[in-house]
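Worksheet for the structure shown next.
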Amino acid sequence: MTNTGRAPTFYRVDVAEQPVEVQVGERVIHVSSPSRETFAPHAGAAAVTKLEVVEYYVAVGEQILRATHERPTTLERWPKGVFEGAKLATRMDNRGDAFYQKRIPQGAPDWVQTARITFPSGRTADEVCPTEPAVLAWAAQMGTITFHPWPVRRHDVDHPDELRLDLDPQPGTDFRDAAVVAGELRGLLDELGLVGFPKTSGGRGLHIYVRVEPRWTFTDLRHAAIATGRELERRMPGRVTTKWWKEERGNTVFVDYNQNARDRTIACAYSLRPRPGAPVSTPLTWDEVGAADPADCTLRTVPALVASRGDPHAAIDGTAHGIETLLEWYERDEREHGLGDMPYPPDYPKMPGEPKRVQPSRARRLTSENT
């Protein structure tokens, strides 16, 4: 699919609640309930319909396929739309108005391909593996709002090719704080000879992706993210943290290293986010980061933005880096400073080298009670 700067052509066969046909390359996507409200009216703007969501993913098909191509991808589905009070089922609670689809839905077209992945528990799943823009439009018709690709390609699902650095502003900080940290991170990456590609999270944070050679494990990539976060802590004391427990973070920007653990995924570039106004996780140039306002990046503005200035992630597939220096830093911190591994997410099995997975205040209370 080539971006010509023109709006895509849609073929609508009826009005009202009759299904609508949307042409995507050689495929025809049948969109049921096209006028169903997916995002409520927001800040004076009209509601976003299900058909508009499908049309959006067709409009950015080339760009979002770059982020998902041949990657096992979890679908975040909101079949009832995004509404106030809606509950997203978590990995630990399968009940909700929305849910994560980790296995290909029943009845998927035969041209929707899959990739088999293994969870930390050892269980496996055949996840949707996008190979063409029509797959993304089909998933949107199925109520998918956000795409969560793994940092691997289907030909080698055990060796990530992407280091994902998630800058998450904590209470008392905001996107501007994350942008300042991103500027320091850019300088750090430059020193290492690594090229980072920033994007908004679709909320208050920033994500920076670094493509790497697929020679390391998920554990290695996670250690590289920890090492990066610790170096940022040294360079920006009091403004950056890698502390896993929220009670220890304070008013800082958290480097969420666990986004690089197996089965942890981030909303990809050009994904919608299930928040008021239909925001988009939007790629930025480094020069845009400091002045960007994530609220300006929505379903209704991003296609025109891409048409006018292109895709800042267009060159992301052009290089792959080594992470040897970051792994050396991790080992140095462990050897010289006693800084070993850090806690994994709560739903993980106990991992080798992991410290006690207990909240610090609770650990102190238990210690006090036992003395």
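Chain labels follow the order of the structure tokens: the first chain is A, the next B, and so on; residue numbering restarts at 1 in every chain, and ligands are counted from 1 in their shown order.
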
Contact residues around segment 294-306 of chain A with only C-alpha atoms at 10 Å, ignoring same-chain residues under 2 positions, as number ranges by chain | A: 3, 5-7, 45, 48, 52-53, 55-60, 63, 175, 199-206, 270-273, 276-283, 289, 291-292, 308-312

How would the residues just chosen look if you wrote them out with N, CA and C atoms as a short mmCIF file (atom, residue, chain, number, x, y, z; two decimals), in the first residue's frame?
data_model
loop_
_atom_site.label_atom_id
_atom_site.label_comp_id
_atom_site.auth_asym_id
_atom_site.auth_seq_id
_atom_site.Cartn_x
_atom_site.Cartn_y
_atom_site.Cartn_z
N ASN A 3 1.53 5.31 0.21
CA ASN A 3 0.93 6.53 0.70
C ASN A 3 1.09 7.61 -0.36
N GLY A 5 -0.72 10.45 -0.22
CA GLY A 5 -1.19 11.72 0.31
C GLY A 5 -2.67 11.94 0.07
N ARG A 6 -3.33 11.03 -0.68
CA ARG A 6 -4.77 11.14 -0.93
C ARG A 6 -5.51 10.22 0.02
N ALA A 7 -6.74 10.59 0.33
CA ALA A 7 -7.57 9.74 1.17
C ALA A 7 -7.86 8.44 0.45
N ALA A 45 -16.05 17.62 19.77
CA ALA A 45 -15.97 16.83 18.54
C ALA A 45 -17.03 15.74 18.57
N VAL A 48 -16.99 9.08 17.42
CA VAL A 48 -16.27 8.31 16.39
C VAL A 48 -16.99 6.99 16.20
N GLU A 52 -15.46 4.65 11.09
CA GLU A 52 -14.35 5.60 11.11
C GLU A 52 -13.08 4.94 11.64
N VAL A 53 -13.22 4.05 12.61
CA VAL A 53 -12.04 3.35 13.13
C VAL A 53 -11.43 2.48 12.03
N GLU A 55 -11.76 2.90 8.80
CA GLU A 55 -11.21 3.80 7.79
C GLU A 55 -9.86 4.37 8.25
N TYR A 56 -9.76 4.68 9.53
CA TYR A 56 -8.48 5.19 10.04
C TYR A 56 -7.38 4.17 9.81
N TYR A 57 -7.63 2.91 10.16
CA TYR A 57 -6.59 1.90 10.02
C TYR A 57 -6.26 1.61 8.55
N VAL A 58 -7.21 1.86 7.65
CA VAL A 58 -6.88 1.76 6.23
C VAL A 58 -6.00 2.93 5.82
N ALA A 59 -6.32 4.12 6.32
CA ALA A 59 -5.56 5.32 5.95
C ALA A 59 -4.10 5.24 6.36
N VAL A 60 -3.82 4.60 7.52
CA VAL A 60 -2.43 4.48 8.00
C VAL A 60 -1.93 3.05 7.84
N GLN A 63 1.83 2.48 7.31
CA GLN A 63 2.64 2.86 8.45
C GLN A 63 2.49 1.88 9.62
N PHE A 175 3.78 14.85 30.46
CA PHE A 175 4.46 14.60 29.19
C PHE A 175 5.69 15.47 29.02
N LYS A 199 7.98 7.97 19.96
CA LYS A 199 6.56 8.14 19.67
C LYS A 199 5.83 8.44 20.96
N THR A 200 4.69 9.10 20.85
CA THR A 200 3.85 9.28 22.03
C THR A 200 3.26 7.93 22.42
N SER A 201 2.91 7.81 23.68
CA SER A 201 2.26 6.57 24.13
C SER A 201 0.78 6.57 23.78
N GLY A 202 0.26 7.76 23.43
CA GLY A 202 -1.18 7.92 23.30
C GLY A 202 -1.77 8.43 24.58
N GLY A 203 -0.91 8.63 25.59
CA GLY A 203 -1.32 9.19 26.87
C GLY A 203 -0.31 10.25 27.29
N ARG A 204 0.25 10.08 28.50
CA ARG A 204 1.16 11.08 29.04
C ARG A 204 2.62 10.75 28.80
N GLY A 205 2.91 9.55 28.31
CA GLY A 205 4.29 9.10 28.23
C GLY A 205 4.87 9.12 26.83
N LEU A 206 6.11 8.63 26.77
CA LEU A 206 6.84 8.51 25.51
C LEU A 206 7.46 7.13 25.42
N TYR A 270 1.00 4.20 15.65
CA TYR A 270 -0.24 4.44 14.92
C TYR A 270 -1.43 3.69 15.49
N SER A 271 -1.27 3.03 16.64
CA SER A 271 -2.42 2.42 17.30
C SER A 271 -3.27 3.49 17.97
N LEU A 272 -4.58 3.31 17.88
CA LEU A 272 -5.49 4.08 18.71
C LEU A 272 -5.37 3.63 20.15
N ARG A 273 -5.72 4.50 21.07
CA ARG A 273 -5.76 4.15 22.48
C ARG A 273 -7.19 4.34 22.99
N PRO A 276 -10.73 9.02 25.85
CA PRO A 276 -11.56 10.05 25.22
C PRO A 276 -10.81 10.80 24.12
N GLY A 277 -11.50 11.02 23.01
CA GLY A 277 -10.91 11.75 21.90
C GLY A 277 -10.19 10.89 20.89
N ALA A 278 -10.15 9.57 21.08
CA ALA A 278 -9.49 8.64 20.15
C ALA A 278 -8.04 9.02 19.88
N PRO A 279 -7.20 9.12 20.93
CA PRO A 279 -5.80 9.48 20.72
C PRO A 279 -5.04 8.35 20.04
N VAL A 280 -3.92 8.72 19.41
CA VAL A 280 -3.09 7.79 18.65
C VAL A 280 -1.68 7.80 19.22
N SER A 281 -1.08 6.62 19.34
CA SER A 281 0.34 6.52 19.68
C SER A 281 1.12 6.92 18.44
N THR A 282 1.64 8.15 18.44
CA THR A 282 2.09 8.79 17.21
C THR A 282 3.60 8.96 17.13
N PRO A 283 4.24 8.42 16.09
CA PRO A 283 5.67 8.66 15.89
C PRO A 283 5.98 10.15 15.73
N VAL A 289 9.64 16.28 19.56
CA VAL A 289 9.33 15.76 20.90
C VAL A 289 9.09 16.87 21.90
N ALA A 291 8.09 19.95 21.67
CA ALA A 291 6.94 20.83 21.48
C ALA A 291 5.64 20.07 21.26
N ALA A 292 5.67 18.76 21.19
CA ALA A 292 4.48 17.98 20.86
C ALA A 292 3.44 18.06 21.97
N SER A 308 1.21 14.88 5.20
CA SER A 308 1.91 16.15 5.01
C SER A 308 3.40 16.06 5.30
N ARG A 309 3.79 15.24 6.28
CA ARG A 309 5.22 15.22 6.64
C ARG A 309 5.85 13.84 6.65
N GLY A 310 5.08 12.81 6.25
CA GLY A 310 5.64 11.47 6.18
C GLY A 310 5.66 10.79 7.54
N ASP A 311 6.33 9.67 7.59
CA ASP A 311 6.39 8.83 8.78
C ASP A 311 7.78 8.92 9.40
N PRO A 312 7.92 9.48 10.62
CA PRO A 312 9.24 9.56 11.25
C PRO A 312 9.89 8.20 11.50
#

Please report, as a list of chain:residue names, each residue of segment 34-160 of chain A to which DSSP assigns helix (DSSP H, G or I) when run on this structure's backbone.
-> A:Lys50, A:Leu51, A:Glu52, A:Val53, A:Val54, A:Glu55, A:Tyr56, A:Tyr57, A:Val58, A:Ala59, A:Gly61, A:Glu62, A:Gln63, A:Ile64, A:Leu65, A:Arg66, A:Ala67, A:Thr68, A:Pro133, A:Ala134, A:Val135, A:Leu136, A:Ala137, A:Trp138, A:Ala139, A:Ala140, A:Gln141

Output N, CA and C atoms for every residue in the selection just made, as a PDB file, in the first residue's frame.
ATOM      1  N   LYS A  50     -17.686   3.088  14.434  1.00  0.00           N
ATOM      2  CA  LYS A  50     -16.912   1.895  14.117  1.00  0.00           C
ATOM      3  C   LYS A  50     -16.325   1.987  12.713  1.00  0.00           C
ATOM      4  N   LEU A  51     -17.101   2.480  11.749  1.00  0.00           N
ATOM      5  CA  LEU A  51     -16.599   2.608  10.387  1.00  0.00           C
ATOM      6  C   LEU A  51     -15.409   3.565  10.330  1.00  0.00           C
ATOM      7  N   GLU A  52     -15.465   4.654  11.092  1.00  0.00           N
ATOM      8  CA  GLU A  52     -14.347   5.598  11.106  1.00  0.00           C
ATOM      9  C   GLU A  52     -13.077   4.944  11.637  1.00  0.00           C
ATOM     10  N   VAL A  53     -13.217   4.053  12.615  1.00  0.00           N
ATOM     11  CA  VAL A  53     -12.044   3.347  13.132  1.00  0.00           C
ATOM     12  C   VAL A  53     -11.430   2.481  12.033  1.00  0.00           C
ATOM     13  N   VAL A  54     -12.282   1.742  11.311  1.00  0.00           N
ATOM     14  CA  VAL A  54     -11.773   0.914  10.215  1.00  0.00           C
ATOM     15  C   VAL A  54     -11.117   1.795   9.155  1.00  0.00           C
ATOM     16  N   GLU A  55     -11.756   2.900   8.802  1.00  0.00           N
ATOM     17  CA  GLU A  55     -11.207   3.799   7.795  1.00  0.00           C
ATOM     18  C   GLU A  55      -9.864   4.373   8.252  1.00  0.00           C
ATOM     19  N   TYR A  56      -9.757   4.682   9.534  1.00  0.00           N
ATOM     20  CA  TYR A  56      -8.482   5.190  10.040  1.00  0.00           C
ATOM     21  C   TYR A  56      -7.376   4.170   9.813  1.00  0.00           C
ATOM     22  N   TYR A  57      -7.634   2.910  10.164  1.00  0.00           N
ATOM     23  CA  TYR A  57      -6.586   1.900  10.019  1.00  0.00           C
ATOM     24  C   TYR A  57      -6.265   1.606   8.552  1.00  0.00           C
ATOM     25  N   VAL A  58      -7.209   1.858   7.654  1.00  0.00           N
ATOM     26  CA  VAL A  58      -6.884   1.757   6.233  1.00  0.00           C
ATOM     27  C   VAL A  58      -5.997   2.926   5.822  1.00  0.00           C
ATOM     28  N   ALA A  59      -6.317   4.123   6.321  1.00  0.00           N
ATOM     29  CA  ALA A  59      -5.564   5.319   5.947  1.00  0.00           C
ATOM     30  C   ALA A  59      -4.103   5.239   6.361  1.00  0.00           C
ATOM     31  N   GLY A  61      -2.530   2.315   6.909  1.00  0.00           N
ATOM     32  CA  GLY A  61      -2.205   0.899   6.751  1.00  0.00           C
ATOM     33  C   GLY A  61      -0.737   0.629   6.506  1.00  0.00           C
ATOM     34  N   GLU A  62      -0.119   1.393   5.631  1.00  0.00           N
ATOM     35  CA  GLU A  62       1.295   1.192   5.329  1.00  0.00           C
ATOM     36  C   GLU A  62       2.153   1.437   6.561  1.00  0.00           C
ATOM     37  N   GLN A  63       1.827   2.477   7.306  1.00  0.00           N
ATOM     38  CA  GLN A  63       2.644   2.865   8.453  1.00  0.00           C
ATOM     39  C   GLN A  63       2.487   1.881   9.624  1.00  0.00           C
ATOM     40  N   ILE A  64       1.263   1.491   9.936  1.00  0.00           N
ATOM     41  CA  ILE A  64       1.090   0.588  11.070  1.00  0.00           C
ATOM     42  C   ILE A  64       1.550  -0.829  10.722  1.00  0.00           C
ATOM     43  N   LEU A  65       1.495  -1.183   9.436  1.00  0.00           N
ATOM     44  CA  LEU A  65       2.025  -2.487   9.050  1.00  0.00           C
ATOM     45  C   LEU A  65       3.532  -2.535   9.277  1.00  0.00           C
ATOM     46  N   ARG A  66       4.218  -1.412   9.125  1.00  0.00           N
ATOM     47  CA  ARG A  66       5.650  -1.367   9.405  1.00  0.00           C
ATOM     48  C   ARG A  66       5.930  -1.765  10.862  1.00  0.00           C
ATOM     49  N   ALA A  67       5.022  -1.407  11.759  1.00  0.00           N
ATOM     50  CA  ALA A  67       5.205  -1.700  13.181  1.00  0.00           C
ATOM     51  C   ALA A  67       4.758  -3.106  13.567  1.00  0.00           C
ATOM     52  N   THR A  68       3.943  -3.744  12.734  1.00  0.00           N
ATOM     53  CA  THR A  68       3.358  -5.036  13.097  1.00  0.00           C
ATOM     54  C   THR A  68       3.745  -6.168  12.159  1.00  0.00           C
ATOM     55  N   PRO A 133      -2.075  -4.841   5.070  1.00  0.00           N
ATOM     56  CA  PRO A 133      -2.949  -3.878   5.749  1.00  0.00           C
ATOM     57  C   PRO A 133      -4.356  -4.385   6.004  1.00  0.00           C
ATOM     58  N   ALA A 134      -4.854  -5.272   5.154  1.00  0.00           N
ATOM     59  CA  ALA A 134      -6.223  -5.764   5.327  1.00  0.00           C
ATOM     60  C   ALA A 134      -6.401  -6.484   6.653  1.00  0.00           C
ATOM     61  N   VAL A 135      -5.348  -7.102   7.173  1.00  0.00           N
ATOM     62  CA  VAL A 135      -5.451  -7.803   8.461  1.00  0.00           C
ATOM     63  C   VAL A 135      -5.801  -6.811   9.558  1.00  0.00           C
ATOM     64  N   LEU A 136      -5.214  -5.628   9.508  1.00  0.00           N
ATOM     65  CA  LEU A 136      -5.464  -4.613  10.526  1.00  0.00           C
ATOM     66  C   LEU A 136      -6.877  -4.062  10.400  1.00  0.00           C
ATOM     67  N   ALA A 137      -7.340  -3.873   9.176  1.00  0.00           N
ATOM     68  CA  ALA A 137      -8.712  -3.411   8.970  1.00  0.00           C
ATOM     69  C   ALA A 137      -9.711  -4.468   9.431  1.00  0.00           C
ATOM     70  N   TRP A 138      -9.440  -5.738   9.135  1.00  0.00           N
ATOM     71  CA  TRP A 138     -10.307  -6.826   9.608  1.00  0.00           C
ATOM     72  C   TRP A 138     -10.363  -6.846  11.135  1.00  0.00           C
ATOM     73  N   ALA A 139      -9.217  -6.692  11.783  1.00  0.00           N
ATOM     74  CA  ALA A 139      -9.190  -6.690  13.247  1.00  0.00           C
ATOM     75  C   ALA A 139      -9.984  -5.512  13.802  1.00  0.00           C
ATOM     76  N   ALA A 140      -9.906  -4.354  13.128  1.00  0.00           N
ATOM     77  CA  ALA A 140     -10.688  -3.192  13.563  1.00  0.00           C
ATOM     78  C   ALA A 140     -12.179  -3.470  13.439  1.00  0.00           C
ATOM     79  N   GLN A 141     -12.585  -4.140  12.376  1.00  0.00           N
ATOM     80  CA  GLN A 141     -13.982  -4.534  12.226  1.00  0.00           C
ATOM     81  C   GLN A 141     -14.405  -5.450  13.369  1.00  0.00           C
TER      82      GLN A 141
END

Computed interatomic separation between atom CA of Arg116 of chain A and atom CA of Pro151 of chain A (Å) | 13.6 Å

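Put simply, atom CA of Arg211 of chain A is 8.7 Å away from atom CA of Arg164 of chain A.
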
Output as a PyMOL selection string all residues of segment 79-130 of chain A that backbone DSSP marks as strand (DSSP E).
-> chain A and resi 99-101+114-118+124-128

Please provide the set of residues having any atom within 9 Å of Asn258 of chain A, restricted to only C-alpha atoms, with same-chain residues fewer than 2 positions apart removed, written as a VMD selection string.
-> chain A and resid 222 225 to 226 244 255 to 256 260 to 262 264 343 to 345

Long-range neighbours of Pro160 of chain A as a PyMOL selection string, 8 Å cut-off, only C-alpha atoms, 2 positions minimum in chain = chain A and resi 151-153+157-158+162-163+212-218+221

Convert the current residue selection to file output with N, CA and C atoms, as a short mmCIF file (atom, residue, chain, number, x, y, z; two decimals), in the first residue's frame.
data_model
loop_
_atom_site.label_atom_id
_atom_site.label_comp_id
_atom_site.auth_asym_id
_atom_site.auth_seq_id
_atom_site.Cartn_x
_atom_site.Cartn_y
_atom_site.Cartn_z
N PRO A 151 7.97 -7.94 20.31
CA PRO A 151 9.20 -7.39 19.71
C PRO A 151 10.01 -8.45 18.98
N VAL A 152 9.31 -9.37 18.30
CA VAL A 152 9.96 -10.46 17.57
C VAL A 152 9.27 -10.63 16.23
N ARG A 153 9.95 -11.30 15.31
CA ARG A 153 9.33 -11.71 14.03
C ARG A 153 8.99 -13.19 14.13
N VAL A 157 10.78 -16.35 17.27
CA VAL A 157 9.97 -15.71 18.31
C VAL A 157 10.65 -15.69 19.68
N ASP A 158 11.88 -16.17 19.77
CA ASP A 158 12.59 -16.18 21.05
C ASP A 158 13.70 -15.14 21.15
N GLU A 162 13.87 -5.64 19.01
CA GLU A 162 13.50 -4.27 19.34
C GLU A 162 13.63 -4.05 20.85
N LEU A 163 14.45 -3.09 21.23
CA LEU A 163 14.54 -2.64 22.61
C LEU A 163 13.53 -1.52 22.78
N VAL A 212 17.36 -3.86 17.27
CA VAL A 212 18.58 -4.57 17.62
C VAL A 212 18.69 -5.85 16.81
N GLU A 213 19.89 -6.35 16.74
CA GLU A 213 20.11 -7.63 16.08
C GLU A 213 19.42 -8.73 16.92
N PRO A 214 18.69 -9.65 16.28
CA PRO A 214 17.98 -10.68 17.03
C PRO A 214 18.91 -11.81 17.49
N ARG A 215 19.85 -11.44 18.37
CA ARG A 215 20.83 -12.40 18.88
C ARG A 215 20.71 -12.62 20.37
N TRP A 216 19.84 -11.85 21.03
CA TRP A 216 19.76 -11.91 22.48
C TRP A 216 18.38 -12.39 22.92
N THR A 217 18.29 -12.78 24.18
CA THR A 217 17.04 -13.28 24.74
C THR A 217 16.20 -12.13 25.30
N PHE A 218 14.97 -12.44 25.67
CA PHE A 218 14.14 -11.45 26.35
C PHE A 218 14.80 -10.97 27.63
N LEU A 221 17.40 -8.36 26.77
CA LEU A 221 16.81 -7.06 26.42
C LEU A 221 16.29 -6.35 27.66
#

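The nearest approach to Asp341 of chain A among the residues A:Val181, A:His313, A:Ala307, A:Lys243, with only C-alpha atoms taken into account, belongs to A:Lys243.
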
Nearest to Val128 of chain A, chosen from A:Val82, A:Ile145, A:Glu70, A:Thr252, with only C-alpha atoms counted in the distances =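 Once distances to Val128 of chain A are computed over only C-alpha atoms, the minimum belongs to A:Glu70.
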